[in-house]
$ cat entry_15.cif   # mmCIF, C-alpha atoms
data_query
#
loop_
_atom_site.label_atom_id
_atom_site.label_comp_id
_atom_site.auth_asym_id
_atom_site.auth_seq_id
_atom_site.Cartn_x
_atom_site.Cartn_y
_atom_site.Cartn_z
CA THR P 845 -0.18 -7.24 17.90
CA GLN P 846 -1.02 -3.77 16.63
CA LEU P 847 -4.13 -3.51 14.46
CA LEU P 848 -5.80 -0.73 12.51
CA GLU P 849 -9.52 -1.04 11.96
CA GLN P 850 -11.18 0.94 9.20
CA SER P 851 -14.88 1.67 9.00
CA PRO P 852 -17.09 1.43 7.18
CA GLN P 853 -15.70 -1.34 4.99
CA PHE P 854 -17.90 -0.30 2.05
CA LEU P 855 -19.67 2.97 1.29
CA SER P 856 -21.82 3.87 -1.71
CA ILE P 857 -23.12 7.45 -1.94
CA GLN P 858 -24.49 9.94 -4.44
CA GLU P 859 -22.46 12.75 -5.92
CA GLY P 860 -22.60 15.84 -3.72
CA GLU P 861 -22.99 14.02 -0.39
CA ASN P 862 -20.59 14.34 2.53
CA LEU P 863 -18.96 11.38 4.21
CA THR P 864 -16.54 10.43 6.96
CA VAL P 865 -14.44 7.30 7.20
CA TYR P 866 -12.52 6.17 10.24
CA CYS P 867 -9.30 4.48 11.18
CA ASN P 868 -9.09 3.21 14.77
CA SER P 869 -6.63 1.38 16.95
CA SER P 870 -5.92 0.70 20.61
CA SER P 871 -2.25 1.40 19.92
CA VAL P 872 -0.38 4.67 19.65
CA PHE P 873 1.24 5.54 16.32
CA SER P 874 4.09 7.94 15.75
CA SER P 875 2.56 8.91 12.43
CA LEU P 876 -0.33 7.92 10.23
CA GLN P 877 -0.85 8.11 6.50
CA TRP P 878 -3.89 7.94 4.22
CA TYR P 879 -3.59 6.49 0.72
CA ARG P 880 -6.19 6.23 -2.05
CA GLN P 881 -6.10 3.29 -4.47
CA GLU P 882 -8.14 3.57 -7.64
CA PRO P 883 -9.20 0.41 -9.50
CA GLY P 884 -6.28 -1.07 -11.42
CA GLU P 885 -3.75 1.26 -9.81
CA GLY P 886 -1.39 1.28 -6.88
CA PRO P 887 -2.06 3.36 -3.73
CA VAL P 888 -1.25 7.07 -3.87
CA LEU P 889 -0.40 9.05 -0.74
CA LEU P 890 -2.95 11.69 0.29
CA VAL P 891 -1.55 12.90 3.61
CA THR P 892 0.78 12.18 6.53
CA VAL P 893 -0.18 13.30 10.05
CA VAL P 894 2.27 13.20 12.92
CA THR P 895 0.97 15.41 15.74
CA GLY P 896 -1.94 14.48 18.03
CA GLY P 897 -4.97 16.64 17.21
CA GLU P 898 -3.51 17.66 13.86
CA VAL P 899 -5.95 18.63 11.11
CA LYS P 900 -4.91 18.78 7.46
CA LYS P 901 -6.98 19.82 4.48
CA LEU P 902 -6.52 18.78 0.88
CA LYS P 903 -9.18 20.56 -1.21
CA ARG P 904 -12.45 18.84 -0.21
CA LEU P 905 -10.70 16.29 2.01
CA THR P 906 -10.13 16.94 5.73
CA PHE P 907 -7.91 14.62 7.75
CA GLN P 908 -7.70 14.55 11.53
CA PHE P 909 -5.30 12.69 13.81
CA GLY P 910 -6.71 11.88 17.24
CA ASP P 911 -5.32 13.66 20.28
CA ALA P 912 -3.91 10.39 21.61
CA ARG P 913 -2.55 9.41 18.17
CA LYS P 914 -4.62 6.19 18.18
CA ASP P 915 -7.18 7.09 15.55
CA SER P 916 -7.82 9.21 12.49
CA SER P 917 -10.71 10.33 10.33
CA LEU P 918 -11.11 11.43 6.74
CA HIS P 919 -14.03 13.69 5.84
CA ILE P 920 -14.95 14.36 2.22
CA THR P 921 -17.22 17.28 1.40
CA ALA P 922 -19.42 17.21 -1.71
CA ALA P 923 -18.08 13.90 -2.97
CA GLN P 924 -17.44 13.50 -6.68
CA PRO P 925 -17.18 10.37 -8.85
CA GLY P 926 -13.42 10.97 -9.04
CA ASP P 927 -13.23 10.29 -5.30
CA THR P 928 -14.16 6.65 -5.93
CA GLY P 929 -11.52 4.25 -4.69
CA LEU P 930 -10.12 2.29 -1.77
CA TYR P 931 -9.01 4.51 1.10
CA LEU P 932 -6.22 2.94 3.13
CA CYS P 933 -4.77 4.13 6.40
CA VAL P 934 -1.37 3.00 7.60
CA GLY P 935 0.23 3.77 10.95
CA ALA P 936 3.85 3.69 12.02
CA GLY P 937 3.85 1.49 15.09
CA ASN P 938 6.39 -0.17 17.33
CA ASN P 939 9.90 -0.41 15.94
CA ARG P 940 8.83 1.71 12.97
CA LYS P 941 6.77 -1.20 11.62
CA LEU P 942 3.94 -0.10 9.32
CA ILE P 943 0.47 -1.35 10.21
CA TRP P 944 -2.06 -1.25 7.35
CA GLY P 945 -5.83 -1.20 7.63
CA LEU P 946 -8.11 -3.20 5.35
CA GLY P 947 -9.42 -0.04 3.74
CA THR P 948 -12.77 1.60 3.02
CA SER P 949 -14.08 1.02 -0.48
CA LEU P 950 -15.92 4.18 -1.59
CA ALA P 951 -18.19 4.41 -4.62
CA VAL P 952 -19.54 7.84 -5.58
CA ASN P 953 -22.39 7.55 -8.06
CA PRO P 954 -23.14 10.34 -10.57
CA GLU V 256 2.54 8.38 -14.16
CA THR V 257 3.81 7.43 -10.70
CA GLY V 258 7.39 6.82 -11.70
CA VAL V 259 7.26 3.17 -10.64
CA THR V 260 6.65 0.69 -13.45
CA GLN V 261 5.75 -2.95 -12.95
CA THR V 262 5.68 -5.69 -15.58
CA PRO V 263 3.80 -7.73 -16.44
CA ARG V 264 0.43 -6.27 -15.39
CA HIS V 265 -1.20 -9.69 -15.43
CA LEU V 266 0.33 -13.16 -15.07
CA VAL V 267 -1.21 -16.61 -15.02
CA MET V 268 1.15 -19.41 -14.10
CA GLY V 269 0.98 -23.08 -13.23
CA MET V 270 2.27 -24.40 -9.93
CA THR V 271 5.35 -25.89 -11.61
CA ASN V 272 6.28 -22.77 -13.58
CA LYS V 273 9.06 -20.28 -12.91
CA LYS V 274 8.37 -16.64 -13.62
CA SER V 275 9.68 -13.24 -12.58
CA LEU V 276 8.04 -9.93 -11.76
CA LYS V 277 9.92 -6.76 -12.62
CA CYS V 278 9.82 -3.33 -11.01
CA GLU V 279 11.62 -0.22 -12.18
CA GLN V 280 11.76 3.25 -10.65
CA HIS V 281 13.28 6.41 -12.07
CA LEU V 282 12.67 8.60 -9.04
CA GLY V 283 16.17 8.34 -7.62
CA HIS V 284 14.85 6.57 -4.53
CA ASN V 285 17.05 4.46 -2.29
CA ALA V 286 14.47 2.07 -0.82
CA MET V 287 12.31 -0.43 -2.70
CA TYR V 288 9.61 -2.76 -1.45
CA TRP V 289 7.50 -5.76 -2.47
CA TYR V 290 3.97 -5.95 -1.08
CA LYS V 291 1.24 -8.58 -1.44
CA GLN V 292 -2.38 -7.38 -1.59
CA SER V 293 -5.05 -10.04 -1.11
CA ALA V 294 -8.79 -9.69 -0.69
CA LYS V 295 -9.92 -9.24 2.92
CA LYS V 296 -6.32 -8.83 4.16
CA PRO V 297 -4.23 -5.75 4.89
CA LEU V 298 -1.28 -5.02 2.65
CA GLU V 299 1.51 -7.42 3.54
CA LEU V 300 5.08 -6.17 3.35
CA MET V 301 7.23 -8.95 1.90
CA PHE V 302 10.71 -7.55 1.32
CA VAL V 303 12.57 -4.28 1.77
CA TYR V 304 15.75 -3.21 0.02
CA ASN V 305 17.75 -0.14 1.03
CA PHE V 306 20.69 0.89 -1.14
CA LYS V 307 20.43 -2.52 -2.88
CA GLU V 308 20.77 -4.42 0.40
CA GLN V 309 17.88 -6.49 1.74
CA THR V 310 16.92 -5.08 5.10
CA GLU V 311 13.67 -6.92 5.74
CA ASN V 312 12.18 -10.32 4.94
CA ASN V 313 8.86 -10.80 6.65
CA SER V 314 8.89 -14.59 6.90
CA VAL V 315 8.17 -14.97 3.22
CA PRO V 316 8.26 -18.55 1.87
CA SER V 317 11.37 -19.41 -0.12
CA ARG V 318 9.30 -19.93 -3.28
CA PHE V 319 9.47 -16.10 -3.49
CA SER V 320 13.00 -14.90 -4.20
CA PRO V 321 13.76 -11.18 -4.51
CA GLU V 322 16.65 -9.66 -6.40
CA CYS V 323 17.84 -6.06 -6.43
CA PRO V 324 20.68 -5.63 -8.95
CA ASN V 325 20.74 -1.85 -8.55
CA SER V 326 18.79 0.86 -6.79
CA SER V 327 16.44 1.32 -9.76
CA HIS V 328 15.40 -2.27 -10.36
CA LEU V 329 13.73 -4.91 -8.24
CA PHE V 330 12.69 -8.40 -9.24
CA LEU V 331 10.56 -11.05 -7.59
CA HIS V 332 11.37 -14.55 -8.83
CA LEU V 333 8.56 -17.06 -8.45
CA HIS V 334 8.73 -20.86 -8.49
CA THR V 335 6.47 -23.72 -7.43
CA LEU V 336 3.78 -21.34 -6.21
CA GLN V 337 0.50 -22.38 -4.64
CA PRO V 338 -3.02 -21.22 -5.56
CA GLU V 339 -3.17 -19.19 -2.32
CA ASP V 340 -0.31 -17.09 -3.67
CA SER V 341 -2.73 -15.57 -6.18
CA ALA V 342 -2.89 -11.85 -5.38
CA LEU V 343 -1.92 -8.38 -6.52
CA TYR V 344 1.82 -7.86 -6.06
CA LEU V 345 2.77 -4.24 -5.59
CA CYS V 346 6.21 -2.71 -5.84
CA ALA V 347 6.94 0.59 -4.12
CA SER V 348 9.87 2.92 -3.65
CA SER V 349 10.69 5.74 -1.28
CA GLN V 350 13.47 8.24 -0.83
CA ALA V 351 14.48 6.66 2.46
CA GLU V 352 13.52 3.62 4.50
CA LEU V 353 11.53 5.59 7.02
CA SER V 354 8.07 4.70 8.25
CA ASN V 355 6.54 8.12 7.55
CA THR V 356 8.19 8.60 4.18
CA GLU V 357 5.94 8.77 1.14
CA ALA V 358 5.91 5.51 -0.76
CA PHE V 359 5.31 5.55 -4.50
CA PHE V 360 3.57 2.44 -5.75
CA GLY V 361 3.50 0.79 -9.14
CA GLN V 362 0.25 -0.40 -10.71
CA GLY V 363 0.88 -3.95 -9.56
CA THR V 364 1.01 -7.37 -11.16
CA ARG V 365 -2.20 -9.38 -10.86
CA LEU V 366 -0.95 -12.96 -10.36
CA THR V 367 -3.13 -16.02 -10.74
CA VAL V 368 -1.71 -19.43 -9.86
CA VAL V 369 -3.58 -22.34 -11.42
#
$ encode --input "entry_15.cif" --output "structure tokens"
Amino acid sequence: TQLLEQSPQFLSIQEGENLTVYCNSSSVFSSLQWYRQEPGEGPVLLVTVVTGGEVKKLKRLTFQFGDARKDSSLHITAAQPGDTGLYLCVGAGNNRKLIWGLGTSLAVNP
Amino acid sequence: ETGVTQTPRHLVMGMTNKKSLKCEQHLGHNAMYWYKQSAKKPLELMFVYNFKEQTENNSVPSRFSPECPNSSHLFLHLHTLQPEDSALYLCASSQAELSNTEAFFGQGTRLTVV
């Protein structure tokens, strides 16, 4: 059974701090996506990574796909209250089946 | 505005009730999905429809019955639910039924079974 583990599960920081959250598996994924879900809303796609070692930047967010395509990280620089939400990673595994992580719940305090 | 609208936003129902959840998308997408989001569990894919045809049913109990009358609308009919079915039910759509395609989610229906 393919699993995606996200860490930390919860994170509470002050505005302006930097942070990194992780998405790890023992399985190889053909692609991996990060979504952000704000309270009372559905998830919204942030990025899709498909190549091992790939790095993508979205303003203050930097996403990296591991060389072996088993893990990924999301780094946020100078976090803002608007970054608050649940960050979900989802990998495309065997037979194109999507494997979702439990998410990292981030709170950025003003 | 995500383009995917779910109604109702909140629903409380008894175990003997029958209710339906509605999802509507105006994005011109061909694939639509029902997900269940529970605390301390990953998102669970329930059903997939592609061009109005059901392509996936992930061992969902028969008390959940999906219906896709056209490519823009998706329903989830509920009957004789159990308290453990209480969760956030999310509808999503995508241009194609591909694993790395962007999925657009609705705001969800928060269901409480009493």
$ resolve_selection --input "entry_15.cif" --expression "the PyMOL selection byres ((chain V) within 10 of (chain P))" --output "PyMOL selection string"
chain V and resi 257+259+264+292-300+343-347+352-365
$ atom_distance --input "entry_15.cif" --atom1 "atom CA of V:Thr335" --atom2 "atom CA of V:Arg318"
6.3 Å
$ closest_residue --input "entry_15.cif" --among "V:Lys307, V:Lys277, V:Lys291, V:His334" --to "V:Ser320" --atoms "all atoms listed in the file"
V:His334
$ closest_residue --input "entry_15.cif" --among "P:Gln858, P:Asn938, P:Thr864, P:Ser917" --to "P:Pro954" --atoms "only C-alpha atoms"
P:Gln858
$ resolve_selection --input "entry_15.cif" --expression "the PyMOL selection byres ((chain V and resi 333) around 10)" --output "list of chain:residue names"
V:Met268, V:Met270, V:Thr271, V:Asn272, V:Lys273, V:Lys274, V:Ser275, V:Leu276, V:Ser317, V:Arg318, V:Phe319, V:Ser320, V:Pro321, V:Phe330, V:Leu331, V:His332, V:His334, V:Thr335, V:Leu336
$ residues_around --input "entry_15.cif" --residues "stretch 896-911 of chain P" --least-positions-apart "6" --cutoff "6 Å" --atoms "all atoms listed in the file" --output "VMD selection string"
chain P and resid 917 to 921
$ write_last_selection --input "entry_15.cif" --atoms "C-alpha atoms" --output "mmCIF file, keeping the file's coordinate frame"
data_model
loop_
_atom_site.group_PDB
_atom_site.id
_atom_site.type_symbol
_atom_site.label_atom_id
_atom_site.label_comp_id
_atom_site.auth_asym_id
_atom_site.auth_seq_id
_atom_site.Cartn_x
_atom_site.Cartn_y
_atom_site.Cartn_z
ATOM 1 C CA SER P 917 -10.710 10.330 10.330
ATOM 2 C CA LEU P 918 -11.110 11.430 6.740
ATOM 3 C CA HIS P 919 -14.030 13.690 5.840
ATOM 4 C CA ILE P 920 -14.950 14.360 2.220
ATOM 5 C CA THR P 921 -17.220 17.280 1.400
#
$ residues_around --input "entry_15.cif" --residues "stretch 338-341 of chain V" --least-positions-apart "4" --cutoff "7 Å" --atoms "all atoms listed in the file" --output "PyMOL selection string"
chain V and resi 366-369
$ residues_around --input "entry_15.cif" --residues "V:Glu308" --least-positions-apart "4" --cutoff "12 Å" --atoms "all atoms listed in the file" --output "ChimeraX atom specification"
/V:285-288,302-304,312,321-326,329,352
$ resolve_selection --input "entry_15.cif" --expression "the PyMOL selection byres ((chain P and resi 950) around 12)" --output "PyMOL selection string"
chain P and resi 851-859+862-865+880-883+920+923-932+947-949+951-953
$ atom_distance --input "entry_15.cif" --atom1 "atom CA of P:Glu849" --atom2 "atom CA of P:Asn868"
5.1 Å
$ residues_near_point --input "entry_15.cif" --point "(11.8, 7.0, -9.1)" --cutoff "9 Å" --atoms "all atoms listed in the file" --output "PDB file with C-alpha atoms, in the frame of the given file"
ATOM      1  CA  THR V 257       3.810   7.430 -10.700  1.00  0.00           C
ATOM      2  CA  GLY V 258       7.390   6.820 -11.700  1.00  0.00           C
ATOM      3  CA  VAL V 259       7.260   3.170 -10.640  1.00  0.00           C
ATOM      4  CA  GLU V 279      11.620  -0.220 -12.180  1.00  0.00           C
ATOM      5  CA  GLN V 280      11.760   3.250 -10.650  1.00  0.00           C
ATOM      6  CA  HIS V 281      13.280   6.410 -12.070  1.00  0.00           C
ATOM      7  CA  LEU V 282      12.670   8.600  -9.040  1.00  0.00           C
ATOM      8  CA  GLY V 283      16.170   8.340  -7.620  1.00  0.00           C
ATOM      9  CA  HIS V 284      14.850   6.570  -4.530  1.00  0.00           C
ATOM     10  CA  ASN V 285      17.050   4.460  -2.290  1.00  0.00           C
ATOM     11  CA  SER V 327      16.440   1.320  -9.760  1.00  0.00           C
ATOM     12  CA  SER V 348       9.870   2.920  -3.650  1.00  0.00           C
ATOM     13  CA  SER V 349      10.690   5.740  -1.280  1.00  0.00           C
ATOM     14  CA  GLN V 350      13.470   8.240  -0.830  1.00  0.00           C
ATOM     15  CA  PHE V 359       5.310   5.550  -4.500  1.00  0.00           C
TER      16      PHE V 359
END
$ atom_distance --input "entry_15.cif" --atom1 "atom CA of P:Val872" --atom2 "atom CA of P:Ala912"
7.0 Å
$ axis_aligned_box --input "entry_15.cif" --around "stretch 893-906 of chain P" --padding-each-side "4 Å" --output "JSON"
{"center_x": -5.1, "center_y": 16.9, "center_z": 8.4, "size_x": 22.7, "size_y": 15.4, "size_z": 27.2}
$ decode --input "entry_15.cif" --residues "stretch 871-952 of chain P" --atoms "C-alpha atoms" --output "PDB file, in the first residue's frame"
ATOM      1  CA  SER P 871       7.152   4.724  -3.087  1.00  0.00           C
ATOM      2  CA  VAL P 872       7.953   6.407  -6.372  1.00  0.00           C
ATOM      3  CA  PHE P 873       5.385   8.786  -7.840  1.00  0.00           C
ATOM      4  CA  SER P 874       5.063   9.812 -11.457  1.00  0.00           C
ATOM      5  CA  SER P 875       3.949  13.254 -10.346  1.00  0.00           C
ATOM      6  CA  LEU P 876       3.128  15.087  -7.153  1.00  0.00           C
ATOM      7  CA  GLN P 877       0.846  17.995  -6.431  1.00  0.00           C
ATOM      8  CA  TRP P 878       0.498  20.457  -3.552  1.00  0.00           C
ATOM      9  CA  TYR P 879      -2.898  21.913  -2.657  1.00  0.00           C
ATOM     10  CA  ARG P 880      -3.836  24.511  -0.043  1.00  0.00           C
ATOM     11  CA  GLN P 881      -7.211  24.319   1.698  1.00  0.00           C
ATOM     12  CA  GLU P 882      -8.378  27.374   3.596  1.00  0.00           C
ATOM     13  CA  PRO P 883     -10.976  27.015   6.369  1.00  0.00           C
ATOM     14  CA  GLY P 884     -14.447  26.506   4.913  1.00  0.00           C
ATOM     15  CA  GLU P 885     -13.140  26.052   1.378  1.00  0.00           C
ATOM     16  CA  GLY P 886     -12.118  23.253  -0.922  1.00  0.00           C
ATOM     17  CA  PRO P 887      -8.451  22.569  -1.797  1.00  0.00           C
ATOM     18  CA  VAL P 888      -6.830  24.771  -4.444  1.00  0.00           C
ATOM     19  CA  LEU P 889      -3.914  23.555  -6.545  1.00  0.00           C
ATOM     20  CA  LEU P 890      -0.587  25.307  -5.927  1.00  0.00           C
ATOM     21  CA  VAL P 891       1.803  23.303  -8.091  1.00  0.00           C
ATOM     22  CA  THR P 892       2.418  20.056  -9.971  1.00  0.00           C
ATOM     23  CA  VAL P 893       5.938  18.588 -10.140  1.00  0.00           C
ATOM     24  CA  VAL P 894       6.812  15.721 -12.441  1.00  0.00           C
ATOM     25  CA  THR P 895      10.601  15.552 -12.822  1.00  0.00           C
ATOM     26  CA  GLY P 896      12.978  14.278 -10.130  1.00  0.00           C
ATOM     27  CA  GLY P 897      14.942  17.180  -8.655  1.00  0.00           C
ATOM     28  CA  GLU P 898      12.518  19.728 -10.073  1.00  0.00           C
ATOM     29  CA  VAL P 899      12.209  23.056  -8.254  1.00  0.00           C
ATOM     30  CA  LYS P 900       9.268  25.393  -8.824  1.00  0.00           C
ATOM     31  CA  LYS P 901       8.675  28.804  -7.325  1.00  0.00           C
ATOM     32  CA  LEU P 902       5.368  30.536  -6.775  1.00  0.00           C
ATOM     33  CA  LYS P 903       6.068  33.979  -5.278  1.00  0.00           C
ATOM     34  CA  ARG P 904       7.257  33.215  -1.715  1.00  0.00           C
ATOM     35  CA  LEU P 905       6.624  29.470  -2.055  1.00  0.00           C
ATOM     36  CA  THR P 906       9.339  27.087  -3.273  1.00  0.00           C
ATOM     37  CA  PHE P 907       8.481  23.492  -4.117  1.00  0.00           C
ATOM     38  CA  GLN P 908      11.009  20.718  -4.650  1.00  0.00           C
ATOM     39  CA  PHE P 909      10.503  17.165  -5.911  1.00  0.00           C
ATOM     40  CA  GLY P 910      13.086  14.688  -4.654  1.00  0.00           C
ATOM     41  CA  ASP P 911      15.600  13.230  -7.088  1.00  0.00           C
ATOM     42  CA  ALA P 912      14.087   9.770  -6.665  1.00  0.00           C
ATOM     43  CA  ARG P 913      10.521  11.142  -6.921  1.00  0.00           C
ATOM     44  CA  LYS P 914       9.650   9.744  -3.477  1.00  0.00           C
ATOM     45  CA  ASP P 915       9.436  12.978  -1.528  1.00  0.00           C
ATOM     46  CA  SER P 916       8.760  16.683  -1.802  1.00  0.00           C
ATOM     47  CA  SER P 917       9.140  19.825   0.254  1.00  0.00           C
ATOM     48  CA  LEU P 918       7.410  23.181   0.383  1.00  0.00           C
ATOM     49  CA  HIS P 919       9.337  26.178   1.714  1.00  0.00           C
ATOM     50  CA  ILE P 920       7.574  29.437   2.513  1.00  0.00           C
ATOM     51  CA  THR P 921       9.632  32.596   2.944  1.00  0.00           C
ATOM     52  CA  ALA P 922       8.390  35.434   5.157  1.00  0.00           C
ATOM     53  CA  ALA P 923       5.062  33.799   5.932  1.00  0.00           C
ATOM     54  CA  GLN P 924       1.949  35.958   5.996  1.00  0.00           C
ATOM     55  CA  PRO P 925      -1.434  35.409   7.686  1.00  0.00           C
ATOM     56  CA  GLY P 926      -2.897  34.740   4.229  1.00  0.00           C
ATOM     57  CA  ASP P 927      -0.729  31.609   4.038  1.00  0.00           C
ATOM     58  CA  THR P 928      -2.793  30.033   6.828  1.00  0.00           C
ATOM     59  CA  GLY P 929      -4.432  26.799   5.764  1.00  0.00           C
ATOM     60  CA  LEU P 930      -4.098  23.054   5.326  1.00  0.00           C
ATOM     61  CA  TYR P 931      -1.330  22.094   2.907  1.00  0.00           C
ATOM     62  CA  LEU P 932      -2.025  18.786   1.195  1.00  0.00           C
ATOM     63  CA  CYS P 933       0.295  16.780  -1.000  1.00  0.00           C
ATOM     64  CA  VAL P 934      -0.999  14.137  -3.377  1.00  0.00           C
ATOM     65  CA  GLY P 935       1.072  11.762  -5.489  1.00  0.00           C
ATOM     66  CA  ALA P 936       0.171   9.816  -8.592  1.00  0.00           C
ATOM     67  CA  GLY P 937       1.108   6.255  -7.743  1.00  0.00           C
ATOM     68  CA  ASN P 938       0.626   2.825  -9.224  1.00  0.00           C
ATOM     69  CA  ASN P 939      -2.037   2.534 -11.896  1.00  0.00           C
ATOM     70  CA  ARG P 940      -2.464   6.319 -11.818  1.00  0.00           C
ATOM     71  CA  LYS P 941      -4.125   6.073  -8.392  1.00  0.00           C
ATOM     72  CA  LEU P 942      -3.876   9.280  -6.363  1.00  0.00           C
ATOM     73  CA  ILE P 943      -2.409   8.957  -2.871  1.00  0.00           C
ATOM     74  CA  TRP P 944      -3.240  11.839  -0.510  1.00  0.00           C
ATOM     75  CA  GLY P 945      -1.342  12.857   2.595  1.00  0.00           C
ATOM     76  CA  LEU P 946      -3.048  13.915   5.821  1.00  0.00           C
ATOM     77  CA  GLY P 947      -1.838  17.475   5.406  1.00  0.00           C
ATOM     78  CA  THR P 948       0.056  20.074   7.415  1.00  0.00           C
ATOM     79  CA  SER P 949      -2.147  22.590   9.189  1.00  0.00           C
ATOM     80  CA  LEU P 950      -0.350  25.962   9.166  1.00  0.00           C
ATOM     81  CA  ALA P 951      -1.342  28.957  11.263  1.00  0.00           C
ATOM     82  CA  VAL P 952       0.496  32.249  10.666  1.00  0.00           C
TER      83      VAL P 952
END
